[in-house]
file model_17.txt (compact mmCIF, C-alpha atoms)
# COMPACT_ATOMS: atom_id res chain seq x y z
CA MET H 1 -10.50 31.43 -0.48
CA LEU H 2 -9.87 30.71 -4.14
CA GLU H 3 -6.61 32.67 -4.01
CA LEU H 4 -5.61 30.69 -0.92
CA TRP H 5 -6.22 27.43 -2.76
CA LYS H 6 -4.14 28.58 -5.75
CA LYS H 7 -1.22 29.53 -3.51
CA ARG H 8 -1.33 26.27 -1.60
CA GLN H 9 -1.68 24.24 -4.77
CA ALA H 10 1.36 25.95 -6.30
CA LYS H 11 3.41 25.41 -3.14
CA HIS H 12 2.27 21.79 -2.87
CA GLN H 13 3.20 21.06 -6.48
CA LYS H 14 6.59 22.70 -6.00
CA GLN H 15 7.22 20.48 -2.98
CA MET H 16 6.11 17.34 -4.84
CA PHE H 17 8.37 18.11 -7.82
CA LYS H 18 11.25 18.71 -5.43
CA TYR H 19 10.97 15.17 -4.03
CA LEU H 20 10.16 13.62 -7.40
CA ARG H 21 13.60 14.70 -8.57
CA TYR H 22 15.05 12.26 -6.05
CA VAL H 23 12.52 9.53 -6.87
CA LEU H 24 12.96 9.66 -10.64
CA ASN H 25 16.74 9.42 -10.57
CA ASP H 26 18.69 7.45 -13.16
CA HIS H 27 18.97 4.33 -11.01
CA PHE H 28 15.30 4.11 -10.12
CA VAL H 29 14.16 4.85 -13.67
CA LEU H 30 16.42 2.08 -14.96
CA ALA H 31 15.09 -0.34 -12.36
CA LEU H 32 11.54 0.71 -13.17
CA LEU H 33 12.08 0.09 -16.89
CA PHE H 34 13.37 -3.42 -16.21
CA LEU H 35 10.52 -4.07 -13.80
CA LEU H 36 7.83 -2.86 -16.18
CA GLY H 37 9.45 -4.72 -19.04
CA GLY H 38 9.50 -7.97 -17.06
CA LEU H 39 5.92 -7.55 -15.91
CA GLY H 40 4.79 -6.63 -19.42
CA LEU H 41 6.50 -9.71 -20.88
CA SER H 42 4.93 -12.01 -18.30
CA TYR H 43 1.54 -10.35 -18.84
CA SER H 44 1.83 -10.83 -22.61
CA ASN H 45 2.85 -14.47 -22.25
CA TYR H 46 -0.09 -15.12 -19.95
CA LEU H 47 -2.57 -13.55 -22.36
CA GLN H 48 -1.26 -15.73 -25.18
CA THR H 49 -2.11 -18.83 -23.17
CA LEU H 50 -5.77 -17.83 -22.90
CA THR H 51 -8.26 -19.34 -25.27
CA SER H 52 -10.26 -17.03 -27.50
CA GLN H 53 -13.33 -19.28 -27.61
CA LYS H 54 -14.43 -19.34 -24.02
CA SER H 55 -14.29 -17.01 -21.04
CA VAL H 56 -11.78 -17.96 -18.34
CA SER H 57 -13.35 -19.23 -15.11
CA PHE H 58 -13.60 -16.63 -12.35
CA SER H 59 -12.23 -13.95 -14.69
CA PRO H 60 -15.14 -11.56 -13.86
CA VAL H 61 -14.40 -11.91 -10.14
CA ILE H 62 -10.69 -11.32 -10.72
CA SER H 63 -11.42 -8.32 -12.94
CA ALA H 64 -13.82 -6.85 -10.39
CA LEU H 65 -11.23 -7.31 -7.63
CA ILE H 66 -8.52 -5.62 -9.71
CA LEU H 67 -10.81 -2.70 -10.56
CA TRP H 68 -11.77 -2.40 -6.90
CA LEU H 69 -8.07 -2.10 -6.04
CA VAL H 70 -7.65 0.45 -8.84
CA LEU H 71 -10.36 2.57 -7.22
CA LYS H 72 -8.05 2.91 -4.22
CA CYS H 73 -5.83 5.20 -6.31
CA GLY H 74 -6.33 8.82 -5.36
CA SER H 75 -8.11 10.49 -2.46
CA LEU H 76 -9.46 13.91 -1.58
CA ALA H 77 -6.60 16.41 -1.17
CA THR H 78 -7.68 19.46 0.85
CA LEU H 79 -4.16 20.80 1.67
CA LEU H 80 -5.47 22.00 5.03
CA ARG H 81 -3.00 22.77 7.83
CA PRO H 82 -3.29 22.71 11.63
CA ALA H 83 -3.23 26.52 11.83
CA ASP H 84 -6.38 26.70 9.66
CA LEU H 85 -8.44 25.70 12.66
CA VAL H 86 -7.67 29.13 14.15
CA PHE H 87 -7.17 31.43 11.19
CA LEU H 88 -9.80 30.06 8.79
CA GLY H 89 -12.39 29.15 11.41
CA PRO H 90 -14.18 32.51 11.14
CA LYS H 91 -14.47 31.98 7.37
CA GLN H 92 -16.29 28.68 7.63
CA ALA H 93 -19.11 29.97 5.43
CA GLU H 94 -16.60 30.42 2.58
CA ILE H 95 -14.89 27.04 2.94
CA GLY H 96 -17.29 25.55 0.36
CA SER H 97 -15.60 27.30 -2.59
CA TYR H 98 -12.18 26.18 -1.32
CA LEU H 99 -13.31 22.56 -1.02
CA SER H 100 -14.94 22.71 -4.43
CA ARG H 101 -11.60 23.51 -6.05
CA ALA H 102 -9.91 20.84 -3.95
CA PHE H 103 -12.50 18.28 -5.09
CA THR H 104 -12.02 19.19 -8.77
CA HIS H 105 -8.24 18.94 -8.43
CA SER H 106 -8.46 15.55 -6.69
CA LEU H 107 -11.02 14.21 -9.15
CA PHE H 108 -8.85 15.07 -12.18
CA PHE H 109 -5.75 13.27 -10.88
CA SER H 110 -7.81 10.34 -9.57
CA TRP H 111 -9.50 9.85 -12.92
CA LEU H 112 -6.13 10.09 -14.65
CA SER H 113 -4.49 7.41 -12.49
CA VAL H 114 -7.56 5.14 -12.64
CA SER H 115 -7.69 5.43 -16.44
CA VAL H 116 -4.02 4.45 -16.79
CA PHE H 117 -4.51 1.28 -14.75
CA TYR H 118 -7.76 0.49 -16.55
CA LEU H 119 -6.00 0.80 -19.90
CA ALA H 120 -3.48 -1.80 -18.75
CA LEU H 121 -6.36 -4.13 -17.80
CA VAL H 122 -8.12 -3.84 -21.19
CA PRO H 123 -6.17 -6.72 -22.85
CA TYR H 124 -7.24 -9.03 -20.03
CA LEU H 125 -10.86 -7.93 -20.39
CA LEU H 126 -10.70 -8.67 -24.11
CA HIS H 127 -9.07 -12.10 -23.90
CA ALA H 128 -10.23 -13.48 -20.55
CA VAL H 129 -13.67 -11.93 -20.03
CA LEU H 130 -14.37 -11.59 -23.78
CA LEU H 131 -15.88 -8.12 -23.49
CA LYS H 132 -16.69 -6.09 -26.59
CA THR H 133 -15.51 -2.54 -27.21
CA PRO H 134 -18.84 -0.89 -26.17
CA GLN H 135 -18.86 -2.94 -22.96
CA ILE H 136 -15.29 -1.87 -22.19
CA LEU H 137 -16.19 1.79 -22.68
CA LEU H 138 -19.27 1.47 -20.46
CA LEU H 139 -17.23 -0.27 -17.78
CA TRP H 140 -14.61 2.51 -17.94
CA LEU H 141 -17.34 5.14 -17.44
CA LEU H 142 -18.73 3.12 -14.54
CA VAL H 143 -15.30 3.03 -12.89
CA LEU H 144 -14.96 6.81 -13.28
CA VAL H 145 -18.41 7.38 -11.76
CA LEU H 146 -17.61 5.08 -8.82
CA LYS H 147 -14.41 7.02 -8.20
CA TYR H 148 -16.49 10.20 -8.23
CA LEU H 149 -18.82 8.67 -5.65
CA GLN H 150 -15.90 7.78 -3.40
CA LEU H 151 -14.54 11.33 -3.48
CA GLU H 152 -18.02 12.74 -2.84
CA ARG H 153 -18.33 10.45 0.16
CA GLU H 154 -14.95 11.67 1.47
CA LEU H 155 -16.04 15.29 1.01
CA LEU H 156 -19.37 14.70 2.71
CA ALA H 157 -17.59 12.97 5.61
CA LEU H 158 -15.93 16.30 6.41
CA TYR H 159 -19.38 17.55 7.48
CA HIS H 160 -20.81 14.38 9.07
CA ALA H 161 -18.63 12.40 11.46
CA LYS H 162 -20.65 9.18 11.01
CA LEU H 163 -19.76 9.00 7.32
CA ALA H 164 -16.05 8.88 8.23
CA GLN H 165 -16.45 5.84 10.46
CA ARG H 166 -14.83 2.59 9.38
CA TRP H 167 -18.06 0.59 9.07
CA PHE H 168 -19.60 3.11 6.70
CA ARG H 169 -16.45 3.26 4.58
CA LEU H 170 -16.33 -0.52 4.33
CA LEU H 171 -20.00 -0.75 3.33
CA PHE H 172 -20.15 2.12 0.84
CA ALA H 173 -16.65 2.70 -0.49
CA ASP H 174 -15.57 -0.94 -0.52
CA LEU H 175 -18.43 -3.45 -0.53
CA PHE H 176 -20.79 -1.32 -2.63
CA CYS H 177 -18.18 -0.59 -5.29
CA PHE H 178 -17.07 -4.22 -5.49
CA LEU H 179 -20.63 -5.49 -5.89
CA ILE H 180 -21.40 -2.91 -8.58
CA LEU H 181 -18.24 -3.84 -10.49
CA LEU H 182 -18.97 -7.55 -10.18
CA ALA H 183 -22.58 -7.09 -11.31
CA SER H 184 -21.43 -5.13 -14.38
CA PHE H 185 -19.98 -8.36 -15.83
CA TYR H 186 -23.29 -10.22 -15.54
CA PHE H 187 -25.86 -7.48 -16.17
CA ASN H 188 -26.15 -4.49 -18.44
CA ALA H 189 -23.54 -1.99 -17.23
CA LEU H 190 -25.63 0.91 -18.56
CA TYR H 191 -28.26 0.48 -15.82
CA LEU H 192 -25.58 0.28 -13.14
CA LEU H 193 -23.97 3.41 -14.60
CA LEU H 194 -27.26 5.30 -14.38
CA LEU H 195 -27.81 4.07 -10.82
CA SER H 196 -24.33 5.23 -9.76
CA ALA H 197 -24.86 8.59 -11.45
CA MET H 198 -28.14 9.09 -9.55
CA ILE H 199 -26.37 8.32 -6.27
CA GLY H 200 -23.67 10.81 -7.23
CA ILE H 201 -26.26 13.55 -7.81
CA PHE H 202 -27.80 12.81 -4.42
CA LEU H 203 -24.43 13.00 -2.67
CA GLU H 204 -23.57 16.27 -4.42
CA ARG H 205 -26.83 17.87 -3.25
CA ALA H 206 -26.27 16.56 0.27
CA GLN H 207 -22.77 18.05 0.29
CA LYS H 208 -24.05 21.46 -0.81
CA ALA H 209 -26.73 21.39 1.88
CA SER H 210 -24.12 20.46 4.49
CA ALA H 211 -21.83 23.28 3.33
CA ALA H 212 -24.71 25.76 3.68
CA SER H 213 -25.39 24.56 7.23
CA GLY H 214 -21.84 25.46 8.32
CA SER H 215 -21.05 22.22 10.13
CA PHE H 216 -17.52 21.69 8.79
CA LEU H 217 -15.38 19.39 10.97
CA TRP H 218 -12.05 21.22 11.04
CA GLU H 219 -10.11 18.88 13.30
CA GLN H 220 -11.16 15.76 11.43
CA ALA H 221 -10.38 17.33 8.04
CA ILE H 222 -6.91 18.45 9.17
CA LYS H 223 -6.05 15.05 10.65
CA ARG H 224 -7.21 13.33 7.50
CA GLU H 225 -5.02 15.56 5.33
CA GLN H 226 -2.03 14.95 7.60
CA ARG H 227 -2.50 11.19 7.24
CA ARG H 228 -2.71 11.55 3.46
CA MET H 229 0.51 13.56 3.26
CA LEU H 230 2.26 11.17 5.63
CA ARG H 231 1.73 8.37 3.09
CA TRP H 232 3.47 10.48 0.45
CA TYR H 233 6.31 11.39 2.78
CA ARG H 234 6.89 7.75 3.64
CA PHE H 235 7.15 6.95 -0.06
CA PHE H 236 9.60 9.79 -0.65
CA ASP H 237 11.57 8.66 2.38
CA LEU H 238 12.51 5.53 0.45
CA PHE H 239 14.67 7.71 -1.79
CA THR H 240 15.80 10.65 0.36
CA ASP H 241 15.57 12.03 3.88
CA VAL H 242 12.23 13.70 4.54
CA PRO H 243 12.24 16.02 7.59
CA PHE H 244 8.46 15.77 8.01
CA ILE H 245 8.65 12.17 9.20
CA GLN H 246 9.45 11.55 12.82
CA VAL H 247 9.68 7.85 13.58
CA ALA H 248 10.09 6.76 17.18
CA ALA H 249 12.64 4.05 17.93
CA LYS H 250 11.28 0.67 18.96
CA ARG H 251 13.04 -1.60 21.40
CA ARG H 252 12.47 -4.96 19.64
CA ARG H 253 13.92 -7.10 22.42
CA TYR H 254 13.25 -10.32 20.48
CA LEU H 255 16.08 -9.43 18.05
CA ASP H 256 18.74 -8.78 20.72
CA ARG H 257 19.92 -12.39 20.67
CA PHE H 258 20.83 -12.10 16.99
CA LEU H 259 22.75 -8.82 17.32
CA PRO H 260 26.41 -8.38 18.37
CA LYS H 261 27.22 -7.35 21.90
CA ALA H 262 28.95 -4.16 23.01
CA SER H 263 32.76 -4.25 23.09
CA ASN H 264 35.77 -2.09 23.89
CA SER H 265 37.00 -2.42 20.31
CA PRO H 266 36.20 0.78 18.31
CA THR H 267 35.17 -1.17 15.21
CA ARG H 268 32.94 -3.53 17.18
CA SER H 269 31.44 -0.59 19.06
CA PHE H 270 30.39 1.01 15.78
CA THR H 271 29.08 -2.36 14.56
CA TYR H 272 27.03 -2.61 17.75
CA LEU H 273 25.57 0.88 17.20
CA TYR H 274 24.84 0.47 13.48
CA TRP H 275 23.03 -2.83 13.95
CA ARG H 276 20.78 -1.34 16.59
CA ALA H 277 20.08 1.73 14.48
CA LEU H 278 19.13 -0.50 11.56
CA VAL H 279 16.85 -2.70 13.65
CA ARG H 280 15.24 -0.13 15.93
CA ASN H 281 14.77 2.81 13.56
CA GLY H 282 11.47 2.47 11.71
CA ASN H 283 12.74 4.20 8.58
CA TYR H 284 15.61 1.81 7.90
CA SER H 285 13.98 -1.39 9.14
CA GLY H 286 10.77 -0.60 7.26
CA LEU H 287 12.72 0.20 4.11
CA TYR H 288 14.66 -3.06 4.36
CA LEU H 289 11.53 -5.16 4.87
CA ARG H 290 9.47 -3.46 2.15
CA LEU H 291 12.14 -3.72 -0.56
CA SER H 292 12.97 -7.30 0.43
CA LEU H 293 9.34 -8.44 0.33
CA LEU H 294 8.71 -6.62 -2.94
CA GLY H 295 11.75 -8.25 -4.51
CA MET H 296 10.71 -11.70 -3.28
CA VAL H 297 7.22 -11.37 -4.74
CA ILE H 298 8.47 -10.16 -8.12
CA LEU H 299 11.22 -12.78 -8.38
CA TYR H 300 8.77 -15.56 -7.58
CA PHE H 301 6.65 -14.77 -10.65
CA VAL H 302 9.56 -14.24 -13.06
CA GLU H 303 9.93 -17.18 -15.42
CA THR H 304 13.07 -16.07 -17.30
CA PRO H 305 16.40 -16.80 -15.53
CA TRP H 306 18.37 -13.83 -16.89
CA LEU H 307 15.54 -11.46 -15.95
CA ALA H 308 15.51 -12.89 -12.42
CA TYR H 309 19.27 -12.25 -12.14
CA VAL H 310 18.94 -8.67 -13.34
CA LEU H 311 15.95 -7.86 -11.11
CA GLY H 312 17.64 -9.44 -8.08
CA MET H 313 20.78 -7.37 -8.64
CA LEU H 314 18.70 -4.23 -9.09
CA PHE H 315 16.87 -4.78 -5.81
CA ILE H 316 20.13 -5.45 -3.97
CA TYR H 317 21.57 -2.24 -5.44
CA LEU H 318 18.50 -0.21 -4.50
CA LEU H 319 18.60 -1.60 -0.98
CA GLY H 320 22.30 -0.85 -0.55
CA PHE H 321 21.90 2.63 -2.02
CA GLN H 322 19.03 3.46 0.35
CA LEU H 323 20.95 2.22 3.41
CA LEU H 324 23.95 4.49 2.80
CA PRO H 325 22.55 7.39 4.96
CA LEU H 326 22.80 5.03 7.94
CA TYR H 327 26.53 5.84 7.95
CA PHE H 328 25.78 9.40 9.15
CA TYR H 329 23.17 8.33 11.72
CA TYR H 330 25.31 9.19 14.76
CA ASP H 331 27.11 12.24 13.38
CA GLU H 332 25.01 14.66 15.42
CA LEU H 333 25.73 12.80 18.66
CA VAL H 334 28.37 14.83 20.51
CA PHE H 335 29.92 11.81 22.25
CA MET H 336 30.93 10.31 18.90
CA HIS H 337 33.18 13.34 18.32
CA LEU H 338 34.64 13.35 21.84
CA TYR H 339 35.67 9.71 21.73
CA PRO H 340 39.02 9.25 19.89
CA LEU H 341 37.91 7.20 16.89
CA GLU H 342 39.28 7.14 13.36
CA LYS H 343 37.05 7.39 10.30
CA ASN H 344 38.42 4.19 8.78
CA GLN H 345 37.19 2.27 11.85
CA LYS H 346 33.73 3.72 11.41
CA LEU H 347 33.73 2.93 7.69
CA LYS H 348 34.92 -0.62 8.31
CA ALA H 349 32.13 -1.24 10.82
CA PHE H 350 29.49 0.20 8.49
CA SER H 351 30.75 -1.91 5.58
CA GLN H 352 30.44 -5.05 7.70
CA VAL H 353 26.88 -4.23 8.70
CA LEU H 354 25.92 -3.32 5.14
CA PHE H 355 27.44 -6.49 3.67
CA THR H 356 25.76 -8.75 6.23
CA SER H 357 22.33 -7.18 5.74
CA LEU H 358 22.63 -7.29 1.93
CA ALA H 359 23.99 -10.84 1.96
CA LEU H 360 21.02 -11.98 4.03
CA CYS H 361 18.67 -10.46 1.47
CA ALA H 362 20.70 -12.03 -1.35
CA VAL H 363 20.33 -15.50 0.20
CA VAL H 364 16.56 -15.01 0.53
CA PHE H 365 16.30 -13.84 -3.11
CA SER H 366 18.32 -16.87 -4.26
CA LEU H 367 16.02 -19.21 -2.35
CA VAL H 368 13.05 -17.66 -4.12
CA VAL H 369 14.77 -18.11 -7.50
CA PHE H 370 15.61 -21.70 -6.54
CA SER H 371 11.97 -22.44 -5.69
CA SER H 372 10.69 -21.01 -8.98
CA LEU H 373 13.47 -21.75 -11.51
CA GLY H 374 15.48 -24.63 -10.04
CA LEU H 375 18.81 -25.32 -8.33
CA PHE H 376 21.05 -24.19 -11.19
CA SER H 377 19.42 -20.77 -11.53
CA GLY H 378 19.34 -20.35 -7.75
CA SER H 379 23.09 -21.09 -7.50
CA ILE H 380 23.96 -18.59 -10.23
CA SER H 381 21.74 -16.01 -8.58
CA LEU H 382 23.44 -16.54 -5.22
CA GLY H 383 26.90 -16.11 -6.73
CA LEU H 384 25.98 -12.95 -8.63
CA LEU H 385 24.18 -11.36 -5.71
CA LEU H 386 26.93 -12.10 -3.18
CA GLY H 387 29.51 -10.68 -5.58
CA GLU H 388 27.41 -7.56 -5.91
CA CYS H 389 27.14 -7.31 -2.11
CA LEU H 390 30.94 -7.34 -1.85
CA LEU H 391 31.24 -4.53 -4.40
CA LEU H 392 28.49 -2.44 -2.79
CA ALA H 393 29.83 -2.82 0.76
CA GLY H 394 33.42 -2.27 -0.34
CA PRO H 395 34.57 0.07 -3.14
CA TYR H 396 31.15 1.52 -3.97
CA THR H 397 30.39 2.47 -0.35
CA LYS H 398 33.82 4.04 0.12
CA VAL H 399 33.54 6.18 -3.02
CA ARG H 400 29.95 7.30 -2.33
CA LEU H 401 30.58 8.18 1.30
CA ILE H 402 33.74 10.13 0.49
CA LYS H 403 31.70 12.25 -1.97
CA ARG H 404 28.95 12.88 0.60
CA ALA H 405 31.29 13.56 3.54
call {"tool": "encode", "arguments": {"input": "model_17.txt", "output": "structure tokens"}}
result
Amino acid sequence: MLELWKKRQAKHQKQMFKYLRYVLNDHFVLALLFLLGGLGLSYSNYLQTLTSQKSVSFSPVISALILWLVLKCGSLATLLRPADLVFLGPKQAEIGSYLSRAFTHSLFFSWLSVSVFYLALVPYLLHAVLLKTPQILLLWLLVLVLKYLQLERELLALYHAKLAQRWFRLLFADLFCFLILLASFYFNALYLLLLSAMIGIFLERAQKASAASGSFLWEQAIKREQRRMLRWYRFFDLFTDVPFIQVAAKRRRYLDRFLPKASNSPTRSFTYLYWRALVRNGNYSGLYLRLSLLGMVILYFVETPWLAYVLGMLFIYLLGFQLLPLYFYYDELVFMHLYPLEKNQKLKAFSQVLFTSLALCAVVFSLVVFSSLGLFSGSISLGLLLGECLLLAGPYTKVRLIKRA
């Protein structure tokens, strides 16, 4: 079983690195640097406004809520597959060693991600909550122990169906962790750390006893792992096509009144098809909504005009870049090749759809900039973003699609 885990771990890492090459491309890295720089600047400016004499009101509650959200990073990765129900079922007595390695692997990466976010929160804990260095170290250990408890609960839930129910997860993984984190700001965190460690020891012994009883829930464990991987695939799908995701088309009748009607004109026919593919396909519509909402939230909190312009243009570029595969959406449909259509008609229709969708997002971004920075900044933002939409839907789209054709 240990050899099986090593092989699956190596294959899983190879697959993750394959998709990360598309995620960490030059454009996204550049956008990420600007985004982190803007957030870091705003974070630094906010910390400078805090007084060093008195703790900020409700700062412990805010800190506990942020740490509770940080604990959401990372989950138990078992790498189980549907076929394991048949081929590994007879080896249920040996599944404990396999899950032990999976737990260690998940715990390492969970602790790593939690520690990175906690390190970013340390300046706020120093200036807003006025914690001392020993208190910060104790709180960090408490967060690590709580993350350990959450993973132990997930592992134990693979043997007991009741522990996987929503009410138990809300009480133990969510409410319990939040109350412990909140209490650590008002009481000695050392006692809470010892209490959490004792609970962790109890859960570990319960898991070993469950593994010895041979009551592993194969179907539940496999479904849980499939849901976990689906979240990763949806993230990777923002940057490249992932064959593991199969999204069913949704009718969305309430949007029909806003879409163009079918026509005998070749260009309008393609426009009709592209609009419905964009609206009804969950990949493209979800991508459009997620990037638009993310850009709106970030632009609302940006206080520097030039940074708002740059971030708005970056989000418009990312959105246009991710919508380019829509051009090939109907290429595998045989009727599109039987009907006598020219490629320039198809490209013209796609450019119209792309420009309209990007221009709509540009108007929304400019309204957000107008609400936060004023009319002058909003007008400049609208001009820059609309100009970028023209370039993306025109020359840029033509060059990129010719290379990919």
call {"tool": "closest_residue", "arguments": {"input": "model_17.txt", "among": "H:Leu142, H:Ala277, H:Leu386, H:Leu367", "to": "H:Phe328", "atoms": "all atoms listed in the file"}}
result
H:Ala277
call {"tool": "residues_around", "arguments": {"input": "model_17.txt", "residues": "H:Lys72", "least_positions_apart": "4", "cutoff": "10 Å", "atoms": "all atoms listed in the file", "output": "VMD selection string"}}
result
chain H and resid 67 to 68 110 114 147 150 173 to 174
call {"tool": "atom_distance", "arguments": {"input": "model_17.txt", "atom1": "atom CA of H:Ile136", "atom2": "atom CA of H:Ile180"}}
result
15.0 Å
call {"tool": "closest_residue", "arguments": {"input": "model_17.txt", "among": "H:Thr49, H:Gln322, H:Thr78, H:Ser372", "to": "H:Arg8", "atoms": "all atoms listed in the file"}}
result
H:Thr78
call {"tool": "residues_around", "arguments": {"input": "model_17.txt", "residues": "H:Val86", "least_positions_apart": "4", "cutoff": "12 Å", "atoms": "only C-alpha atoms", "output": "ChimeraX atom specification"}}
result
/H:80-82,90-92,218-219,222
call {"tool": "closest_residue", "arguments": {"input": "model_17.txt", "among": "H:Thr240, H:Ser97, H:Thr133, H:Ser381", "to": "H:Ser366", "atoms": "only C-alpha atoms"}}
result
H:Ser381
call {"tool": "closest_residue", "arguments": {"input": "model_17.txt", "among": "H:Tyr274, H:Tyr300, H:Phe239, H:Trp111", "to": "H:Val364", "atoms": "all atoms listed in the file"}}
result
H:Tyr300
call {"tool": "residues_around", "arguments": {"input": "model_17.txt", "residues": "stretch 195-208 of chain H", "least_positions_apart": "3", "cutoff": "10 Å", "atoms": "all atoms listed in the file", "output": "PyMOL selection string"}}
result
chain H and resi 96+100+142-143+145-146+148-153+155-160+177+180+189-192+211-213
call {"tool": "atom_distance", "arguments": {"input": "model_17.txt", "atom1": "atom CA of H:Leu131", "atom2": "atom CA of H:Tyr46"}}
result
17.6 Å
call {"tool": "atom_distance", "arguments": {"input": "model_17.txt", "atom1": "atom CA of H:Leu326", "atom2": "atom CA of H:Phe350"}}
result
8.3 Å
call {"tool": "closest_residue", "arguments": {"input": "model_17.txt", "among": "H:Phe178, H:Phe315, H:Leu125, H:Leu36", "to": "H:Leu69", "atoms": "all atoms listed in the file"}}
result
H:Phe178
call {"tool": "residues_around", "arguments": {"input": "model_17.txt", "residues": "H:Leu278", "least_positions_apart": "2", "cutoff": "10 Å", "atoms": "all atoms listed in the file", "output": "PyMOL selection string"}}
result
chain H and resi 273-276+280-288+323+326+329+353-354+357
call {"tool": "write_last_selection", "arguments": {"input": "model_17.txt", "atoms": "C-alpha atoms", "output": "PDB file, in the coordinates of the input"}}
result
ATOM      1  CA  LEU H 273      25.570   0.880  17.200  1.00  0.00           C
ATOM      2  CA  TYR H 274      24.840   0.470  13.480  1.00  0.00           C
ATOM      3  CA  TRP H 275      23.030  -2.830  13.950  1.00  0.00           C
ATOM      4  CA  ARG H 276      20.780  -1.340  16.590  1.00  0.00           C
ATOM      5  CA  ARG H 280      15.240  -0.130  15.930  1.00  0.00           C
ATOM      6  CA  ASN H 281      14.770   2.810  13.560  1.00  0.00           C
ATOM      7  CA  GLY H 282      11.470   2.470  11.710  1.00  0.00           C
ATOM      8  CA  ASN H 283      12.740   4.200   8.580  1.00  0.00           C
ATOM      9  CA  TYR H 284      15.610   1.810   7.900  1.00  0.00           C
ATOM     10  CA  SER H 285      13.980  -1.390   9.140  1.00  0.00           C
ATOM     11  CA  GLY H 286      10.770  -0.600   7.260  1.00  0.00           C
ATOM     12  CA  LEU H 287      12.720   0.200   4.110  1.00  0.00           C
ATOM     13  CA  TYR H 288      14.660  -3.060   4.360  1.00  0.00           C
ATOM     14  CA  LEU H 323      20.950   2.220   3.410  1.00  0.00           C
ATOM     15  CA  LEU H 326      22.800   5.030   7.940  1.00  0.00           C
ATOM     16  CA  TYR H 329      23.170   8.330  11.720  1.00  0.00           C
ATOM     17  CA  VAL H 353      26.880  -4.230   8.700  1.00  0.00           C
ATOM     18  CA  LEU H 354      25.920  -3.320   5.140  1.00  0.00           C
ATOM     19  CA  SER H 357      22.330  -7.180   5.740  1.00  0.00           C
TER      20      SER H 357
END
call {"tool": "axis_aligned_box", "arguments": {"input": "model_17.txt", "around": "stretch 10-23 of chain H", "padding_each_side": "8 Å", "output": "AutoDock Vina command-line options"}}
result
--center_x 8.2 --center_y 17.7 --center_z -5.7 --size_x 29.7 --size_y 32.4 --size_z 21.7
